[in-house]
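Reviewing the structure listed below.
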Amino acid sequence: MHNDLYAVVGNPISHSKSPRIHSLFAAQTGQAMEYTAIQAPLEDFAATVRDFFAKGGQGLNVTVPFKEQAWDMADRRSERAEKAGASNTLYQEADGGLVADNTDGIGLVTDLTVNAGVSLTGKRILVLGAGGAVRGVLGPILAVQPGELVIANRTVAKAGALVELFADEAGDTRLSATGFSDVAGAFDVVINGTSASLQGDLPPVSTDIVTPDTVVYDMMYSPGMTTFNQWASENGAGRILDGLGMLVEQAAESFRLWRGVRPRTAPVMEELRKH
Ligand code: ATR
């Protein structure tokens, strides 16, 4: 019997941790599946996806720069994917329809609330950035009802557009948009969703935002401490977390969608931290 086939598609893709994560999940849960990495040509993502499913593939994860295209080409979208405007998880339904879901936001919230034990409910939260990555996590963050959620971005209009888009999900959360230099006061939780560190940059926010009671979460992950977390650490943040947990949790949620089993994530995170 052959194994069911899954893959992650991106460009570039060689550094993706997803094949390792899903192989560990498969071994842990005894699922007969194989998970590979596919580099799609930049101009040929949709054809790569169609070809994968035509050859009997069961499910795909999608990463940079194709998440919006994955969302666009789907026949159906989950509610959370619809609002996220991007998809990291694709599968086919029995009628052949392509379904787009997005597990990034639930991955972040699970890592923060379950793994790290940080409650977001009623808290004052700052999100830095207003690109695709941030749009993907706002729904699940608002679902746990922070007291206040400030979205700060270099291009303030993009933060404003997200506030408008998510206003209907805000409930009692005070949701607002601002520029980096106007962010004021201390926050319970600061989430960095900018890609500034890729250029070795930092969002120019006041050091007043972090205190010994602040939890700082960089959605990025790097083997050493990220640039943003380094800054937070030097300025007295109480706890500092990086995006490895989010990566493993979004993978676990995709795995559950495909296989109906949710793997335990703690042993996988431990394994990934080793090397
Ligand atoms: P992603 O999919 O990673 O979210 P994106 O949609 O291009 O990618 O968004 C990148 C985010 O990082 C944006 O919020 C961007 O700010 P702008 O909207 O003003 O472009 C932010 N960003 C990128 N480089 C940055 C830098 N050097 N300083 C501050 N913010 C930066």
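In the structure tokens, the first chain shown is A, the next is B, and so on; residue numbers restart at 1 for each chain, and ligands run from 1 in the order shown.
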
Which residues of chain A sit at most 8 Å from ligand 1, using only C-alpha atoms and all ligand atoms? Give each one's shortest atom pair and distance in Å (one decimal place), in chain and ascending residue order, as CSV.
```
residue,atom,partner,partner_atom_place_in_ligand_line,distance
A:Val64,CA,ligand 1,2 (O),7.1
A:Pro65,CA,ligand 1,2 (O),7.6
A:Leu128,CA,ligand 1,14 (O),7.1
A:Gly129,CA,ligand 1,14 (O),3.4
A:Ala130,CA,ligand 1,14 (O),3.9
A:Gly131,CA,ligand 1,6 (O),3.3
A:Gly132,CA,ligand 1,4 (O),3.8
A:Ala133,CA,ligand 1,4 (O),3.7
A:Val134,CA,ligand 1,4 (O),5.8
A:Arg135,CA,ligand 1,4 (O),7.6
A:Asn153,CA,ligand 1,14 (O),5.5
A:Arg154,CA,ligand 1,19 (O),3.8
A:Thr155,CA,ligand 1,19 (O),3.7
A:Val156,CA,ligand 1,19 (O),7.1
A:Lys158,CA,ligand 1,18 (O),6.0
A:Ala159,CA,ligand 1,18 (O),7.8
A:Gly193,CA,ligand 1,12 (O),6.6
A:Thr194,CA,ligand 1,12 (O),3.3
A:Ser195,CA,ligand 1,12 (O),4.1
A:Ala196,CA,ligand 1,25 (C),3.7
A:Ser197,CA,ligand 1,27 (N),7.0
A:Leu198,CA,ligand 1,24 (N),7.5
A:Gln199,CA,ligand 1,27 (N),6.1
A:Gly200,CA,ligand 1,27 (N),7.6
A:Asp201,CA,ligand 1,27 (N),5.0
A:Leu202,CA,ligand 1,28 (N),5.9
A:Pro203,CA,ligand 1,29 (C),4.6
A:Pro204,CA,ligand 1,29 (C),7.4
```

Could you please write out, as a PyMOL selection string, every residue of range 93-253 of chain A that DSSP assigns to helix (DSSP H, G or I)? chain A and resi 104-115+132-143+156-169+180-182+196-199+207-209+227-234+244-253

Quote the spacing between CA of Gly243 in chain A and CA of Ile141 in chain A in Å to one decimal place.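 CA of Ile141 in chain A lies 15.3 Å from CA of Gly243 in chain A.
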
Surrounding residues of range 84-94 of chain A excluding itself and chain neighbours under 2 positions, 7 Å, only C-alpha atoms, as a list in words: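 Final neighbour list, sorted by chain and number: Gln58, Gly59, Leu60, Asn61, Val62, Thr63, Lys67, Glu68, Ala70, Trp71, Arg80, Ala81, Glu82, Gly96, Gly97, Leu98, Val99, Ala100, Asp101, Asn102, Thr103, Arg135, Gly136 and Ser254 of chain A.
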
Expected file: the selected residues, N, CA and C atoms, as an mmCIF file, in the first residue's frame:
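Ended up saving to result_35.cif:
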```cif
data_model
loop_
_atom_site.group_PDB
_atom_site.id
_atom_site.type_symbol
_atom_site.label_atom_id
_atom_site.label_comp_id
_atom_site.auth_asym_id
_atom_site.auth_seq_id
_atom_site.Cartn_x
_atom_site.Cartn_y
_atom_site.Cartn_z
ATOM 1 N N GLN A 58 -3.075 14.514 -1.276
ATOM 2 C CA GLN A 58 -4.213 14.644 -0.348
ATOM 3 C C GLN A 58 -4.365 16.041 0.251
ATOM 4 N N GLY A 59 -3.244 16.722 0.440
ATOM 5 C CA GLY A 59 -3.345 18.031 1.076
ATOM 6 C C GLY A 59 -2.052 18.809 0.944
ATOM 7 N N LEU A 60 -2.179 20.137 0.932
ATOM 8 C CA LEU A 60 -1.003 21.002 0.801
ATOM 9 C C LEU A 60 -0.973 22.059 1.890
ATOM 10 N N ASN A 61 0.225 22.345 2.363
ATOM 11 C CA ASN A 61 0.457 23.604 3.069
ATOM 12 C C ASN A 61 1.038 24.570 2.052
ATOM 13 N N VAL A 62 0.746 25.845 2.257
ATOM 14 C CA VAL A 62 1.208 26.866 1.327
ATOM 15 C C VAL A 62 1.939 27.930 2.125
ATOM 16 N N THR A 63 3.098 28.332 1.615
ATOM 17 C CA THR A 63 3.841 29.377 2.307
ATOM 18 C C THR A 63 4.256 30.466 1.326
ATOM 19 N N LYS A 67 0.411 32.394 -0.450
ATOM 20 C CA LYS A 67 -0.796 32.213 0.363
ATOM 21 C C LYS A 67 -2.027 32.921 -0.207
ATOM 22 N N GLU A 68 -1.816 34.083 -0.803
ATOM 23 C CA GLU A 68 -2.953 34.810 -1.380
ATOM 24 C C GLU A 68 -3.451 34.099 -2.642
ATOM 25 N N ALA A 70 -3.280 30.918 -3.191
ATOM 26 C CA ALA A 70 -3.971 29.696 -2.747
ATOM 27 C C ALA A 70 -5.420 30.025 -2.397
ATOM 28 N N TRP A 71 -5.593 31.144 -1.716
ATOM 29 C CA TRP A 71 -6.923 31.622 -1.324
ATOM 30 C C TRP A 71 -7.756 31.902 -2.569
ATOM 31 N N ARG A 80 -12.648 31.313 8.556
ATOM 32 C CA ARG A 80 -11.433 32.010 9.018
ATOM 33 C C ARG A 80 -10.515 32.330 7.844
ATOM 34 N N ALA A 81 -10.486 31.454 6.811
ATOM 35 C CA ALA A 81 -9.655 31.745 5.642
ATOM 36 C C ALA A 81 -10.246 32.919 4.860
ATOM 37 N N GLU A 82 -11.555 32.936 4.771
ATOM 38 C CA GLU A 82 -12.235 34.007 4.033
ATOM 39 C C GLU A 82 -11.768 35.369 4.537
ATOM 40 N N GLY A 96 -14.244 16.896 -5.555
ATOM 41 C CA GLY A 96 -13.112 17.461 -6.298
ATOM 42 C C GLY A 96 -12.906 18.947 -6.052
ATOM 43 N N GLY A 97 -13.814 19.578 -5.288
ATOM 44 C CA GLY A 97 -13.672 21.009 -4.997
ATOM 45 C C GLY A 97 -12.456 21.275 -4.112
ATOM 46 N N LEU A 98 -11.732 22.341 -4.436
ATOM 47 C CA LEU A 98 -10.539 22.694 -3.653
ATOM 48 C C LEU A 98 -10.937 23.621 -2.503
ATOM 49 N N VAL A 99 -10.601 23.224 -1.278
ATOM 50 C CA VAL A 99 -10.961 24.000 -0.085
ATOM 51 C C VAL A 99 -9.723 24.705 0.472
ATOM 52 N N ALA A 100 -9.864 25.997 0.779
ATOM 53 C CA ALA A 100 -8.777 26.757 1.392
ATOM 54 C C ALA A 100 -9.115 27.036 2.851
ATOM 55 N N ASP A 101 -8.191 26.699 3.729
ATOM 56 C CA ASP A 101 -8.359 27.051 5.139
ATOM 57 C C ASP A 101 -7.140 27.861 5.567
ATOM 58 N N ASN A 102 -7.190 28.428 6.757
ATOM 59 C CA ASN A 102 -6.028 29.152 7.281
ATOM 60 C C ASN A 102 -5.874 28.820 8.761
ATOM 61 N N THR A 103 -4.770 28.176 9.095
ATOM 62 C CA THR A 103 -4.544 27.729 10.479
ATOM 63 C C THR A 103 -3.486 28.575 11.192
ATOM 64 N N ARG A 135 -2.985 40.128 9.013
ATOM 65 C CA ARG A 135 -4.387 39.911 8.649
ATOM 66 C C ARG A 135 -4.811 38.461 8.962
ATOM 67 N N GLY A 136 -3.879 37.534 8.778
ATOM 68 C CA GLY A 136 -4.174 36.118 9.017
ATOM 69 C C GLY A 136 -4.419 35.766 10.472
ATOM 70 N N SER A 254 -3.428 21.927 10.686
ATOM 71 C CA SER A 254 -3.555 21.423 9.310
ATOM 72 C C SER A 254 -3.637 19.897 9.326
#
```

Would you compute the distance between CA of Leu247 in chain A and CA of Ile191 in chain A? Give it in Å to one decimal.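 Those two atoms sit 14.8 Å apart.
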
Would you mind reading off the distance between CA of Thr207 in chain A and CA of Glu148 in chain A, one decimal, in Å?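 One can read the CA of Thr207 in chain A to CA of Glu148 in chain A distance as 19.1 Å.
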
Let me make sure I understand: among A:Ala37, A:Leu42, A:Val190, A:Met225, which one has the smallest atom-to-atom distance to Val210 in chain A if we use only C-alpha atoms?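 Of A:Ala37, A:Leu42, A:Val190, A:Met225, the one nearest Val210 in chain A is A:Val190, counting only C-alpha atoms.
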
Rank A:Pro41, A:Asp188, A:Glu169, A:Thr36 by their smallest atom-to-atom distance to Lys17 in chain A, using only C-alpha atoms, and report the top residue only. A:Thr36

Of the candidates A:Leu241, A:Ala251, A:Ala54, A:Val183, which one gets nearest to Val127 in chain A if we count only C-alpha atoms? A:Val183

Please run DSSP on the backbone and report, as an MDAnalysis selection string, all residues within range 181-219 of chain A that come out as strand (DSSP E or B). chainID A and resid 189:192 215:218

Neighbours of Ala170 in chain A within 10 Å (only C-alpha atoms; same-chain residues fewer than 4 positions away dropped), as a ChimeraX atom specification? /A:138-139,141-149,163,165-166,174-175

Taking only C-alpha atoms into account, which of A:Ala40, A:His2, A:Gly245, A:Trp231 comes nearest Val114 in chain A?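 Closest candidate: A:Gly245.
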